[in-house]
$ cat entry12.txt   # compact mmCIF, C-alpha atoms
# COMPACT_ATOMS: atom_id res chain seq x y z
CA MET A 1 31.22 19.36 38.38
CA THR A 2 30.29 15.88 39.60
CA VAL A 3 27.76 15.14 42.31
CA LYS A 4 30.62 13.88 44.49
CA GLU A 5 32.54 17.14 44.11
CA ARG A 6 29.45 19.18 44.90
CA PHE A 7 28.62 17.09 47.92
CA LEU A 8 32.10 17.49 49.41
CA LYS A 9 31.89 21.21 48.76
CA TYR A 10 28.52 21.56 50.47
CA ILE A 11 29.38 19.57 53.61
CA SER A 12 32.34 21.89 54.23
CA VAL A 13 29.87 24.66 55.12
CA PRO A 14 28.43 24.34 58.67
CA SER A 15 24.68 24.96 58.62
CA GLN A 16 23.08 23.47 61.73
CA SER A 17 19.63 24.68 62.70
CA ALA A 18 18.63 25.09 66.36
CA HIS A 19 15.83 24.00 68.65
CA ASP A 20 13.63 26.45 70.55
CA VAL A 21 14.31 29.46 68.34
CA GLU A 22 11.30 31.22 66.87
CA THR A 23 13.02 33.14 64.07
CA VAL A 24 13.60 31.63 60.62
CA PRO A 25 16.36 30.84 60.00
CA THR A 26 17.08 29.65 63.52
CA THR A 27 20.85 30.12 63.07
CA PRO A 28 22.86 32.77 61.18
CA ARG A 29 25.18 30.17 59.62
CA GLN A 30 22.38 28.92 57.39
CA TRP A 31 22.80 32.14 55.42
CA ASP A 32 26.27 30.93 54.40
CA MET A 33 24.73 27.84 52.84
CA ALA A 34 22.00 29.91 51.18
CA LYS A 35 24.58 32.20 49.57
CA LEU A 36 26.47 29.18 48.31
CA MET A 37 23.30 27.66 46.82
CA GLU A 38 22.42 30.97 45.17
CA LYS A 39 25.85 30.99 43.52
CA GLU A 40 25.53 27.33 42.53
CA LEU A 41 22.15 27.82 40.83
CA LYS A 42 23.42 30.79 38.88
CA SER A 43 26.53 28.85 37.83
CA VAL A 44 24.43 26.10 36.22
CA GLY A 45 22.28 28.56 34.29
CA LEU A 46 19.11 28.93 36.32
CA GLU A 47 17.08 32.11 36.07
CA ASP A 48 15.11 34.16 38.61
CA VAL A 49 17.53 33.01 41.31
CA ARG A 50 16.90 34.70 44.63
CA VAL A 51 17.33 34.32 48.36
CA SER A 52 14.29 35.38 50.38
CA ASP A 53 14.27 37.42 53.58
CA HIS A 54 13.88 34.14 55.52
CA CYS A 55 16.80 32.29 53.85
CA TYR A 56 14.90 30.33 51.20
CA VAL A 57 16.67 29.90 47.86
CA TYR A 58 14.70 29.69 44.61
CA GLY A 59 15.64 29.28 40.97
CA VAL A 60 14.04 28.28 37.66
CA LEU A 61 15.24 26.32 34.68
CA PRO A 62 12.98 27.61 31.88
CA ALA A 63 11.24 25.11 29.64
CA THR A 64 12.86 23.96 26.44
CA GLU A 65 11.39 25.86 23.47
CA GLY A 66 8.20 24.12 22.44
CA TYR A 67 7.71 22.54 25.89
CA GLU A 68 6.23 25.55 27.66
CA ASP A 69 2.90 23.75 28.06
CA VAL A 70 4.47 20.84 29.97
CA PRO A 71 3.54 20.79 33.70
CA ALA A 72 6.08 22.65 35.80
CA ILE A 73 7.74 20.41 38.39
CA GLY A 74 9.99 21.16 41.34
CA PHE A 75 12.88 19.65 43.26
CA ILE A 76 13.44 20.70 46.88
CA ALA A 77 16.15 19.99 49.47
CA HIS A 78 16.93 21.49 52.85
CA MET A 79 20.16 23.29 53.67
CA ASP A 80 20.32 22.78 57.43
CA THR A 81 21.80 19.85 59.28
CA SER A 82 20.59 18.31 62.52
CA PRO A 83 21.04 20.40 65.67
CA ASP A 84 21.61 17.21 67.66
CA PHE A 85 25.21 16.55 66.54
CA SER A 86 27.96 18.88 65.35
CA ASP A 87 28.62 19.63 61.67
CA GLU A 88 31.56 21.91 62.47
CA GLY A 89 34.72 20.86 60.65
CA VAL A 90 33.49 17.79 58.78
CA HIS A 91 36.44 15.58 57.76
CA PRO A 92 35.01 12.96 55.41
CA GLN A 93 36.68 9.61 54.89
CA ILE A 94 36.49 8.49 51.26
CA ILE A 95 36.88 4.74 50.81
CA GLU A 96 37.10 3.55 47.22
CA ASN A 97 36.13 -0.04 46.38
CA TYR A 98 34.68 -0.49 49.86
CA ASP A 99 34.92 -4.13 51.02
CA GLY A 100 31.56 -4.21 52.84
CA GLY A 101 33.11 -4.64 56.28
CA ALA A 102 33.71 -2.57 59.40
CA VAL A 103 35.14 0.94 59.04
CA THR A 104 37.06 2.70 61.81
CA LEU A 105 35.93 6.31 62.01
CA GLY A 106 39.14 8.29 62.35
CA GLU A 107 40.59 8.30 65.85
CA SER A 108 37.20 8.67 67.53
CA GLY A 109 37.07 5.07 68.72
CA LEU A 110 33.81 4.57 66.82
CA VAL A 111 33.34 1.83 64.24
CA LEU A 112 30.81 1.72 61.42
CA SER A 113 30.03 -1.99 61.39
CA PRO A 114 27.70 -4.43 59.62
CA GLU A 115 26.68 -5.67 63.06
CA ASN A 116 24.88 -2.39 63.72
CA PHE A 117 24.20 -1.46 60.08
CA PRO A 118 23.29 -4.70 58.23
CA HIS A 119 22.99 -2.97 54.84
CA LEU A 120 26.72 -2.24 54.67
CA PRO A 121 27.70 -5.44 52.79
CA SER A 122 25.29 -4.42 50.01
CA LEU A 123 27.51 -1.37 49.41
CA LYS A 124 30.57 -3.51 48.65
CA GLY A 125 32.53 -2.27 45.66
CA ARG A 126 31.24 1.29 45.89
CA THR A 127 32.98 4.48 46.96
CA LEU A 128 31.85 4.97 50.55
CA ILE A 129 31.96 8.37 52.27
CA THR A 130 31.86 8.39 56.07
CA THR A 131 32.63 10.77 58.92
CA ASP A 132 35.74 10.64 61.09
CA GLY A 133 33.47 10.02 64.08
CA THR A 134 33.60 13.56 65.49
CA THR A 135 30.80 15.14 63.44
CA LEU A 136 27.83 14.15 61.37
CA LEU A 137 28.44 13.99 57.62
CA GLY A 138 25.71 16.27 56.31
CA ALA A 139 24.34 13.90 53.68
CA ASP A 140 21.00 14.82 55.22
CA ASP A 141 20.39 16.81 53.16
CA LYS A 142 23.41 18.10 51.30
CA ALA A 143 23.40 14.93 49.23
CA GLY A 144 19.93 15.95 48.04
CA ALA A 145 21.09 19.49 47.30
CA ALA A 146 24.09 18.23 45.32
CA GLU A 147 21.91 15.81 43.34
CA ILE A 148 19.41 18.51 42.39
CA VAL A 149 22.03 20.99 41.17
CA THR A 150 23.93 18.28 39.28
CA ALA A 151 20.72 17.03 37.65
CA LEU A 152 19.82 20.55 36.50
CA GLU A 153 23.27 20.97 34.99
CA GLU A 154 23.20 17.57 33.26
CA ILE A 155 19.73 18.14 31.78
CA GLN A 156 21.15 21.12 29.92
CA LYS A 157 24.43 19.46 28.98
CA ARG A 158 22.61 16.49 27.47
CA ASN A 159 20.03 18.70 25.70
CA ILE A 160 17.16 16.77 27.30
CA PRO A 161 13.79 18.38 26.45
CA HIS A 162 12.03 19.51 29.61
CA GLY A 163 9.29 21.69 30.96
CA ARG A 164 9.81 24.41 33.54
CA ILE A 165 11.81 23.03 36.48
CA CYS A 166 11.75 24.88 39.78
CA ALA A 167 14.45 24.43 42.41
CA GLY A 168 14.01 25.29 46.08
CA PHE A 169 16.25 25.04 49.13
CA THR A 170 14.87 25.53 52.60
CA PRO A 171 16.29 26.31 56.05
CA ASP A 172 15.28 24.69 59.36
CA GLU A 173 13.77 21.46 58.08
CA GLU A 174 15.42 19.58 60.93
CA VAL A 175 13.46 21.57 63.51
CA GLY A 176 10.14 21.39 61.68
CA LEU A 177 10.15 24.94 60.32
CA GLY A 178 11.22 24.30 56.73
CA PRO A 179 7.93 25.18 54.99
CA SER A 180 7.11 28.08 57.34
CA PHE A 181 7.89 30.79 54.80
CA PHE A 182 8.05 28.75 51.60
CA ASP A 183 6.45 30.75 48.78
CA VAL A 184 4.43 28.10 46.95
CA GLU A 185 2.90 30.60 44.54
CA HIS A 186 6.25 32.10 43.56
CA PHE A 187 7.83 28.65 43.33
CA GLY A 188 5.57 28.04 40.36
CA ALA A 189 5.39 24.23 40.20
CA VAL A 190 2.24 22.10 40.06
CA CYS A 191 3.99 19.31 41.97
CA ALA A 192 7.42 18.71 43.43
CA TYR A 193 9.72 16.22 45.11
CA THR A 194 11.71 16.66 48.27
CA VAL A 195 15.04 14.92 47.81
CA ASP A 196 15.85 14.07 51.38
CA GLY A 197 17.42 10.91 52.75
CA GLY A 198 17.20 7.17 52.32
CA LYS A 199 18.44 4.56 49.88
CA GLU A 200 18.20 5.28 46.17
CA GLY A 201 14.91 4.04 44.76
CA GLY A 202 12.89 5.25 47.71
CA ILE A 203 9.65 7.07 46.92
CA SER A 204 7.72 7.95 50.07
CA TYR A 205 4.31 9.54 50.28
CA GLU A 206 3.31 8.60 53.83
CA ASN A 207 4.92 10.06 56.90
CA PHE A 208 4.39 10.42 60.61
CA ASN A 209 1.99 12.84 62.17
CA ALA A 210 4.28 14.63 64.60
CA ALA A 211 4.26 16.72 67.75
CA THR A 212 6.67 17.82 70.46
CA ALA A 213 5.94 17.66 74.17
CA ASP A 214 7.88 19.64 76.75
CA VAL A 215 7.32 18.68 80.38
CA THR A 216 8.50 21.23 82.95
CA ILE A 217 8.37 20.21 86.60
CA ARG A 218 8.57 22.69 89.47
CA GLY A 219 9.81 21.12 92.66
CA PHE A 220 9.95 22.24 96.26
CA GLY A 221 13.41 21.99 97.76
CA VAL A 222 14.06 21.93 101.50
CA HIS A 223 16.89 20.49 103.57
CA PRO A 224 16.76 16.69 103.15
CA GLY A 225 17.10 16.25 106.89
CA SER A 226 13.77 17.93 107.51
CA SER A 227 11.90 17.27 104.26
CA LYS A 228 9.35 14.68 105.36
CA ASP A 229 6.03 15.40 103.59
CA LYS A 230 7.47 18.67 102.28
CA MET A 231 10.07 18.09 99.56
CA VAL A 232 8.96 17.65 95.96
CA ASN A 233 11.98 16.50 93.97
CA ALA A 234 11.40 17.78 90.43
CA SER A 235 13.78 15.25 88.86
CA LEU A 236 12.02 12.34 90.56
CA VAL A 237 8.62 13.63 89.46
CA GLY A 238 9.98 13.74 85.90
CA ILE A 239 11.12 10.14 86.22
CA GLU A 240 7.66 9.24 87.54
CA PHE A 241 6.07 10.99 84.54
CA ASN A 242 8.24 9.02 82.12
CA ALA A 243 7.61 5.73 83.94
CA ALA A 244 3.86 6.23 83.49
CA LEU A 245 4.20 6.19 79.69
CA PRO A 246 3.84 2.88 77.79
CA SER A 247 7.37 1.55 78.21
CA LEU A 248 7.53 -0.47 74.98
CA GLU A 249 6.19 2.28 72.70
CA ILE A 250 9.61 3.80 72.05
CA PRO A 251 11.72 3.92 68.87
CA ARG A 252 13.78 0.87 69.86
CA HIS A 253 10.71 -1.38 69.86
CA THR A 254 8.67 0.02 66.94
CA GLU A 255 8.83 -0.15 63.13
CA GLU A 256 6.91 0.64 59.93
CA ARG A 257 3.64 2.39 60.88
CA GLU A 258 3.99 1.90 64.63
CA GLY A 259 4.17 5.15 66.58
CA PHE A 260 6.13 6.04 69.68
CA PHE A 261 6.98 8.35 72.56
CA HIS A 262 10.64 9.43 72.37
CA LEU A 263 12.43 11.11 75.25
CA THR A 264 15.02 13.28 73.52
CA GLU A 265 16.42 15.31 76.39
CA MET A 266 16.21 15.70 80.16
CA GLU A 267 17.87 17.98 82.67
CA GLY A 268 17.15 19.11 86.17
CA ASP A 269 17.68 19.08 89.89
CA VAL A 270 15.46 19.13 92.96
CA SER A 271 13.82 22.46 92.22
CA LYS A 272 13.26 22.19 88.46
CA ALA A 273 13.42 19.56 85.74
CA VAL A 274 12.65 19.55 82.02
CA PHE A 275 11.87 16.43 79.99
CA ARG A 276 11.50 16.85 76.21
CA TYR A 277 9.72 14.37 73.95
CA ILE A 278 8.71 13.90 70.36
CA LEU A 279 5.46 12.05 69.60
CA ARG A 280 4.98 10.20 66.33
CA ASP A 281 2.25 8.13 64.67
CA HIS A 282 1.09 7.53 61.10
CA ASP A 283 -2.50 7.49 62.34
CA GLY A 284 -3.71 10.95 63.37
CA GLN A 285 -6.17 9.57 65.91
CA LYS A 286 -3.44 7.51 67.55
CA LEU A 287 -1.23 10.58 67.80
CA GLN A 288 -4.07 12.35 69.58
CA TYR A 289 -4.31 9.40 71.93
CA ARG A 290 -0.61 9.83 72.76
CA LYS A 291 -1.21 13.50 73.54
CA ASP A 292 -4.16 12.52 75.74
CA ILE A 293 -2.04 10.01 77.67
CA MET A 294 0.52 12.68 78.48
CA THR A 295 -2.18 15.17 79.43
CA HIS A 296 -3.72 12.60 81.78
CA ILE A 297 -0.38 11.81 83.44
CA ALA A 298 0.26 15.52 84.02
CA LYS A 299 -3.21 15.86 85.58
CA ILE A 300 -2.66 12.94 87.97
CA LEU A 301 0.76 14.20 89.06
CA ASN A 302 -0.59 17.70 89.67
CA GLU A 303 -3.31 16.21 91.83
CA LYS A 304 -0.66 14.24 93.73
CA TYR A 305 1.96 16.97 94.20
CA GLY A 306 0.00 20.21 93.83
CA GLU A 307 -1.40 22.19 90.93
CA GLY A 308 1.32 23.72 88.76
CA THR A 309 3.94 21.11 89.61
CA VAL A 310 3.83 19.68 86.09
CA GLN A 311 3.43 21.94 83.07
CA LEU A 312 2.92 20.17 79.74
CA VAL A 313 3.24 22.04 76.43
CA ILE A 314 2.41 20.07 73.27
CA LYS A 315 3.03 21.55 69.81
CA ASP A 316 2.07 20.00 66.47
CA GLN A 317 4.86 19.81 63.90
CA TYR A 318 3.60 18.17 60.69
CA VAL A 319 0.94 15.79 59.40
CA ASN A 320 0.78 12.72 57.16
CA MET A 321 0.85 13.80 53.51
CA ILE A 322 -0.87 10.76 51.99
CA GLU A 323 -4.35 12.30 51.74
CA LYS A 324 -2.93 15.18 49.70
CA ILE A 325 -0.86 12.92 47.44
CA LYS A 326 -3.64 10.49 46.48
CA PRO A 327 -5.51 12.98 44.21
CA HIS A 328 -2.23 13.68 42.37
CA PHE A 329 -0.80 10.19 42.26
CA HIS A 330 0.89 10.85 38.91
CA VAL A 331 3.70 12.39 40.95
CA VAL A 332 4.39 8.96 42.46
CA GLU A 333 3.83 7.05 39.22
CA LYS A 334 6.29 9.25 37.31
CA ALA A 335 8.98 8.67 39.92
CA ARG A 336 8.41 4.91 39.84
CA ALA A 337 8.58 4.89 36.05
CA ALA A 338 11.81 6.90 36.14
CA MET A 339 13.40 4.42 38.52
CA GLU A 340 12.27 1.38 36.54
CA SER A 341 13.64 2.87 33.32
CA LEU A 342 17.05 3.01 35.02
CA GLY A 343 16.85 -0.53 36.36
CA ILE A 344 16.30 0.69 39.93
CA GLU A 345 13.59 -1.06 41.92
CA PRO A 346 11.14 1.48 43.41
CA ARG A 347 10.38 1.13 47.11
CA SER A 348 7.48 2.87 48.81
CA ASN A 349 7.99 2.63 52.53
CA PRO A 350 6.28 4.97 54.99
CA ILE A 351 8.66 7.59 56.36
CA ARG A 352 9.33 7.15 60.04
CA GLY A 353 9.87 10.86 60.31
CA GLY A 354 8.85 13.81 58.20
CA THR A 355 9.99 16.09 55.40
CA ASP A 356 9.19 19.56 54.20
CA GLY A 357 7.02 17.81 51.60
CA ALA A 358 4.46 16.77 54.21
CA THR A 359 3.54 20.36 55.05
CA LEU A 360 4.06 21.60 51.50
CA SER A 361 1.50 19.04 50.32
CA TYR A 362 -1.03 20.63 52.66
CA MET A 363 0.00 24.04 51.33
CA GLY A 364 -1.13 23.01 47.84
CA LEU A 365 2.11 21.56 46.45
CA PRO A 366 1.90 17.74 46.22
CA CYS A 367 5.37 16.73 47.27
CA PRO A 368 6.46 13.13 47.97
CA ASN A 369 10.01 12.35 49.01
CA LEU A 370 12.81 10.68 47.05
CA GLY A 371 15.84 8.90 48.51
CA THR A 372 19.30 10.44 48.28
CA GLY A 373 21.48 7.39 48.93
CA GLY A 374 22.25 8.47 52.50
CA TYR A 375 22.17 6.36 55.66
CA ALA A 376 22.31 6.79 59.47
CA ALA A 377 21.59 10.52 59.52
CA HIS A 378 21.96 12.83 62.52
CA GLY A 379 25.07 11.33 64.02
CA PRO A 380 28.68 10.23 63.59
CA TYR A 381 27.74 7.03 61.74
CA GLU A 382 26.18 8.91 58.82
CA HIS A 383 27.41 7.69 55.43
CA VAL A 384 26.64 7.78 51.72
CA THR A 385 28.04 6.27 48.52
CA VAL A 386 29.04 8.13 45.39
CA GLU A 387 27.21 5.57 43.27
CA GLY A 388 24.04 6.06 45.29
CA MET A 389 24.17 9.82 44.75
CA GLU A 390 24.81 9.30 41.06
CA SER A 391 21.77 7.02 40.77
CA CYS A 392 19.59 9.57 42.56
CA THR A 393 20.81 12.28 40.21
CA GLU A 394 19.83 10.13 37.20
CA ILE A 395 16.37 9.56 38.71
CA LEU A 396 15.77 13.32 38.87
CA ILE A 397 16.91 13.73 35.27
CA GLN A 398 14.59 10.95 34.12
CA ILE A 399 11.61 12.37 36.05
CA ALA A 400 12.06 15.69 34.24
CA ALA A 401 12.30 13.87 30.90
CA LEU A 402 9.15 11.82 31.57
CA TYR A 403 7.09 14.86 32.48
CA ALA A 404 8.16 16.43 29.17
CA LYS A 405 7.35 13.34 27.14
CA LYS A 406 4.48 14.13 24.77
CA GLU A 407 1.99 11.33 24.18
$ encode --input "entry12.txt" --output "structure tokens"
Amino acid sequence: MTVKERFLKYISVPSQSAHDVETVPTTPRQWDMAKLMEKELKSVGLEDVRVSDHCYVYGVLPATEGYEDVPAIGFIAHMDTSPDFSDEGVHPQIIENYDGGAVTLGESGLVLSPENFPHLPSLKGRTLITTDGTTLLGADDKAGAAEIVTALEEIQKRNIPHGRICAGFTPDEEVGLGPSFFDVEHFGAVCAYTVDGGKEGGISYENFNAATADVTIRGFGVHPGSSKDKMVNASLVGIEFNAALPSLEIPRHTEEREGFFHLTEMEGDVSKAVFRYILRDHDGQKLQYRKDIMTHIAKILNEKYGEGTVQLVIKDQYVNMIEKIKPHFHVVEKARAAMESLGIEPRSNPIRGGTDGATLSYMGLPCPNLGTGGYAAHGPYEHVTVEGMESCTEILIQIAALYAKKE
């Protein structure tokens, strides 16, 4: 089966995760994807395939005879899709010999255009896969899952000598819970790669430090005709809270290693309002500064409107992996060498987000991230090319071959 065929098969299975759910997995439908991945791993000859009680899928491709002493490596992808846009009933558009121009997304009224996505002309001549504008595509991270399974199958078909290769598929990466119950010891690899998003040739080993911040405002509602010096409008207090944040430190105005405050959701009325944020920064001290700013604003507003008006809850999500990758930099060098051997230029840009690999690195499994060939994740403009997925598959195959190469 080709990587394209696998990808189309995987995106047909809805597997969104969910915010604000403490159990793992956060949604029952992720079990459907886990069962499919279990079947897929068995079909390509992996051993010790199992699905854990928390919806993690594991499998092992045993080392080629005579290569048992080669370091065991791992490939990891996540099975969930973003909870922020539907993945129910994905109807992909497959455009062969793409002309590099604007693409109308079904009858949604949306257009995938070079004006908003300047990289599109560079994909000219490829087979482009888009959404129909009503769902996300699921390339994040079902492209990664398809590439891993296809690589494992091809390694065997081509009789490529290899050490032990461990495969892992996680739930709930999109809500920051992916590594929560990952069994590093059972996984059995000395290092691994998450295969999760971005143009082919990407090798990332820096990521944001991340936290969430939920601001709940309790108002005091009375009749507006007699509310002088009495009413506390919760929605207006929330607006005041947001206005006190640095207005230019938002995703629209930041890039590379610049951090931000990002208002992701707000709802409310006079009596109660909730504003939800994510906080990001590559520098841990700067992230703490962002937390301190929000804490200070909450304090000032409580002094102004009464103690308990503003409740701020900040939760850490993941940390920058770079300090855990540096002592094991061979994992980056092998990936770069694999790309160069295929004529693909390696790119090492800091991730303006996070992956399971960030936390897994702190759990003792050095785990940088590789691109999958996907673009514009988490929304209706998500797209990928078949050629990009094929290149990423070849990179995984070559990494396995390089780790097995005896000096």
$ residues_around --input "entry12.txt" --residues "Ser12 in chain A" --least-positions-apart "4" --cutoff "10 Å" --atoms "all atoms listed in the file" --output "MDAnalysis selection string"
chainID A and resid 7:8 33 87:92 137:138
$ residues_near_point --input "entry12.txt" --point "(7.1, 4.1, 41.1)" --cutoff "10 Å" --atoms "all atoms listed in the file" --output "mmCIF file with C-alpha atoms, keeping the file's coordinate frame"
data_model
loop_
_atom_site.group_PDB
_atom_site.id
_atom_site.type_symbol
_atom_site.label_atom_id
_atom_site.label_comp_id
_atom_site.auth_asym_id
_atom_site.auth_seq_id
_atom_site.Cartn_x
_atom_site.Cartn_y
_atom_site.Cartn_z
ATOM 1 C CA GLY A 201 14.910 4.040 44.760
ATOM 2 C CA GLY A 202 12.890 5.250 47.710
ATOM 3 C CA ILE A 203 9.650 7.070 46.920
ATOM 4 C CA SER A 204 7.720 7.950 50.070
ATOM 5 C CA HIS A 330 0.890 10.850 38.910
ATOM 6 C CA VAL A 331 3.700 12.390 40.950
ATOM 7 C CA VAL A 332 4.390 8.960 42.460
ATOM 8 C CA GLU A 333 3.830 7.050 39.220
ATOM 9 C CA LYS A 334 6.290 9.250 37.310
ATOM 10 C CA ALA A 335 8.980 8.670 39.920
ATOM 11 C CA ARG A 336 8.410 4.910 39.840
ATOM 12 C CA ALA A 337 8.580 4.890 36.050
ATOM 13 C CA ALA A 338 11.810 6.900 36.140
ATOM 14 C CA MET A 339 13.400 4.420 38.520
ATOM 15 C CA GLU A 340 12.270 1.380 36.540
ATOM 16 C CA ILE A 344 16.300 0.690 39.930
ATOM 17 C CA GLU A 345 13.590 -1.060 41.920
ATOM 18 C CA PRO A 346 11.140 1.480 43.410
ATOM 19 C CA ARG A 347 10.380 1.130 47.110
ATOM 20 C CA SER A 348 7.480 2.870 48.810
#
$ axis_aligned_box --input "entry12.txt" --around "range 76-85 of chain A" --padding-each-side "6 Å" --output "JSON"
{"center_x": 19.3, "center_y": 19.9, "center_z": 57.3, "size_x": 23.8, "size_y": 18.7, "size_z": 32.8}
$ atom_distance --input "entry12.txt" --atom1 "CA of Leu110 in chain A" --atom2 "CA of His378 in chain A"
15.1 Å
$ residues_around --input "entry12.txt" --residues "Phe275 in chain A" --least-positions-apart "3" --cutoff "9 Å" --atoms "only C-alpha atoms" --output "MDAnalysis selection string"
chainID A and resid 213:217 238:239 242 263:268
$ closest_residue --input "entry12.txt" --among "A:Lys142, A:Tyr305, A:Glu256, A:Glu323" --to "Phe220 in chain A" --atoms "all atoms listed in the file"
A:Tyr305
$ atom_distance --input "entry12.txt" --atom1 "CA of Gly176 in chain A" --atom2 "CA of Ala243 in chain A"
27.3 Å
$ residues_around --input "entry12.txt" --residues "Gln30 in chain A" --least-positions-apart "5" --cutoff "10 Å" --atoms "only C-alpha atoms" --output "number ranges by chain"
A: 13-17, 24-25, 35-36, 55-56, 79-81, 170-172
$ write_last_selection --input "entry12.txt" --atoms "C-alpha atoms" --output "PDB file, in the frame of the given file"
ATOM      1  CA  VAL A  13      29.870  24.660  55.120  1.00  0.00           C
ATOM      2  CA  PRO A  14      28.430  24.340  58.670  1.00  0.00           C
ATOM      3  CA  SER A  15      24.680  24.960  58.620  1.00  0.00           C
ATOM      4  CA  GLN A  16      23.080  23.470  61.730  1.00  0.00           C
ATOM      5  CA  SER A  17      19.630  24.680  62.700  1.00  0.00           C
ATOM      6  CA  VAL A  24      13.600  31.630  60.620  1.00  0.00           C
ATOM      7  CA  PRO A  25      16.360  30.840  60.000  1.00  0.00           C
ATOM      8  CA  LYS A  35      24.580  32.200  49.570  1.00  0.00           C
ATOM      9  CA  LEU A  36      26.470  29.180  48.310  1.00  0.00           C
ATOM     10  CA  CYS A  55      16.800  32.290  53.850  1.00  0.00           C
ATOM     11  CA  TYR A  56      14.900  30.330  51.200  1.00  0.00           C
ATOM     12  CA  MET A  79      20.160  23.290  53.670  1.00  0.00           C
ATOM     13  CA  ASP A  80      20.320  22.780  57.430  1.00  0.00           C
ATOM     14  CA  THR A  81      21.800  19.850  59.280  1.00  0.00           C
ATOM     15  CA  THR A 170      14.870  25.530  52.600  1.00  0.00           C
ATOM     16  CA  PRO A 171      16.290  26.310  56.050  1.00  0.00           C
ATOM     17  CA  ASP A 172      15.280  24.690  59.360  1.00  0.00           C
TER      18      ASP A 172
END
$ atom_distance --input "entry12.txt" --atom1 "CA of Thr359 in chain A" --atom2 "CA of Phe169 in chain A"
14.8 Å
$ closest_residue --input "entry12.txt" --among "A:Lys157, A:His253, A:His78, A:His186" --to "Asp48 in chain A" --atoms "only C-alpha atoms"
A:His186
$ closest_residue --input "entry12.txt" --among "A:Glu240, A:Glu206, A:Asp281, A:Glu185" --to "Thr254 in chain A" --atoms "all atoms listed in the file"
A:Asp281
$ residues_near_point --input "entry12.txt" --point "(25.8, 24.3, 35.2)" --cutoff "9 Å" --atoms "only C-alpha atoms" --output "PyMOL selection string"
chain A and resi 1+40-46+149-150+152-154+156-157
$ closest_residue --input "entry12.txt" --among "A:Gln398, A:Thr393, A:Thr385, A:Thr295" --to "Ser122 in chain A" --atoms "only C-alpha atoms"
A:Thr385
$ closest_residue --input "entry12.txt" --among "A:Ala63, A:Val103, A:Ile155, A:Val175" --to "Thr23 in chain A" --atoms "all atoms listed in the file"
A:Val175
$ closest_residue --input "entry12.txt" --among "A:Ser52, A:Thr355, A:Thr212, A:Ser361" --to "Phe181 in chain A" --atoms "only C-alpha atoms"
A:Ser52
$ residues_around --input "entry12.txt" --residues "Phe261 in chain A" --least-positions-apart "6" --cutoff "9 Å" --atoms "only C-alpha atoms" --output "ChimeraX atom specification"
/A:245-247,249-251,277-280,290
$ write_last_selection --input "entry12.txt" --atoms "C-alpha atoms" --output "compact mmCIF listing (two decimals), in the coordinates of the input"
# COMPACT_ATOMS: atom_id res chain seq x y z
CA LEU A 245 4.20 6.19 79.69
CA PRO A 246 3.84 2.88 77.79
CA SER A 247 7.37 1.55 78.21
CA GLU A 249 6.19 2.28 72.70
CA ILE A 250 9.61 3.80 72.05
CA PRO A 251 11.72 3.92 68.87
CA TYR A 277 9.72 14.37 73.95
CA ILE A 278 8.71 13.90 70.36
CA LEU A 279 5.46 12.05 69.60
CA ARG A 280 4.98 10.20 66.33
CA ARG A 290 -0.61 9.83 72.76
$ residues_around --input "entry12.txt" --residues "Arg218 in chain A" --least-positions-apart "5" --cutoff "8 Å" --atoms "only C-alpha atoms" --output "NGL selection string"
:A and (234 or 271-273 or 308-310)
$ build_atoms --input "entry12.txt" --residues "range 287-296 of chain A" --atoms "N, CA and C atoms" --output "PDB file, keeping the file's coordinate frame"
ATOM      1  N   LEU A 287      -2.074   9.508  67.272  1.00  0.00           N
ATOM      2  CA  LEU A 287      -1.230  10.580  67.800  1.00  0.00           C
ATOM      3  C   LEU A 287      -1.985  11.374  68.853  1.00  0.00           C
ATOM      4  N   GLN A 288      -3.262  11.640  68.592  1.00  0.00           N
ATOM      5  CA  GLN A 288      -4.070  12.350  69.580  1.00  0.00           C
ATOM      6  C   GLN A 288      -4.168  11.563  70.878  1.00  0.00           C
ATOM      7  N   TYR A 289      -4.273  10.246  70.744  1.00  0.00           N
ATOM      8  CA  TYR A 289      -4.310   9.400  71.930  1.00  0.00           C
ATOM      9  C   TYR A 289      -3.016   9.545  72.733  1.00  0.00           C
ATOM     10  N   ARG A 290      -1.888   9.639  72.061  1.00  0.00           N
ATOM     11  CA  ARG A 290      -0.610   9.830  72.760  1.00  0.00           C
ATOM     12  C   ARG A 290      -0.599  11.173  73.499  1.00  0.00           C
ATOM     13  N   LYS A 291      -1.111  12.192  72.861  1.00  0.00           N
ATOM     14  CA  LYS A 291      -1.210  13.500  73.540  1.00  0.00           C
ATOM     15  C   LYS A 291      -2.102  13.386  74.771  1.00  0.00           C
ATOM     16  N   ASP A 292      -3.221  12.660  74.628  1.00  0.00           N
ATOM     17  CA  ASP A 292      -4.160  12.520  75.740  1.00  0.00           C
ATOM     18  C   ASP A 292      -3.540  11.772  76.911  1.00  0.00           C
ATOM     19  N   ILE A 293      -2.727  10.759  76.604  1.00  0.00           N
ATOM     20  CA  ILE A 293      -2.040  10.010  77.670  1.00  0.00           C
ATOM     21  C   ILE A 293      -1.153  10.956  78.483  1.00  0.00           C
ATOM     22  N   MET A 294      -0.376  11.772  77.784  1.00  0.00           N
ATOM     23  CA  MET A 294       0.520  12.680  78.480  1.00  0.00           C
ATOM     24  C   MET A 294      -0.248  13.721  79.294  1.00  0.00           C
ATOM     25  N   THR A 295      -1.339  14.201  78.723  1.00  0.00           N
ATOM     26  CA  THR A 295      -2.180  15.170  79.430  1.00  0.00           C
ATOM     27  C   THR A 295      -2.747  14.556  80.712  1.00  0.00           C
ATOM     28  N   HIS A 296      -3.164  13.294  80.619  1.00  0.00           N
ATOM     29  CA  HIS A 296      -3.720  12.600  81.780  1.00  0.00           C
ATOM     30  C   HIS A 296      -2.658  12.390  82.863  1.00  0.00           C
TER      31      HIS A 296
END
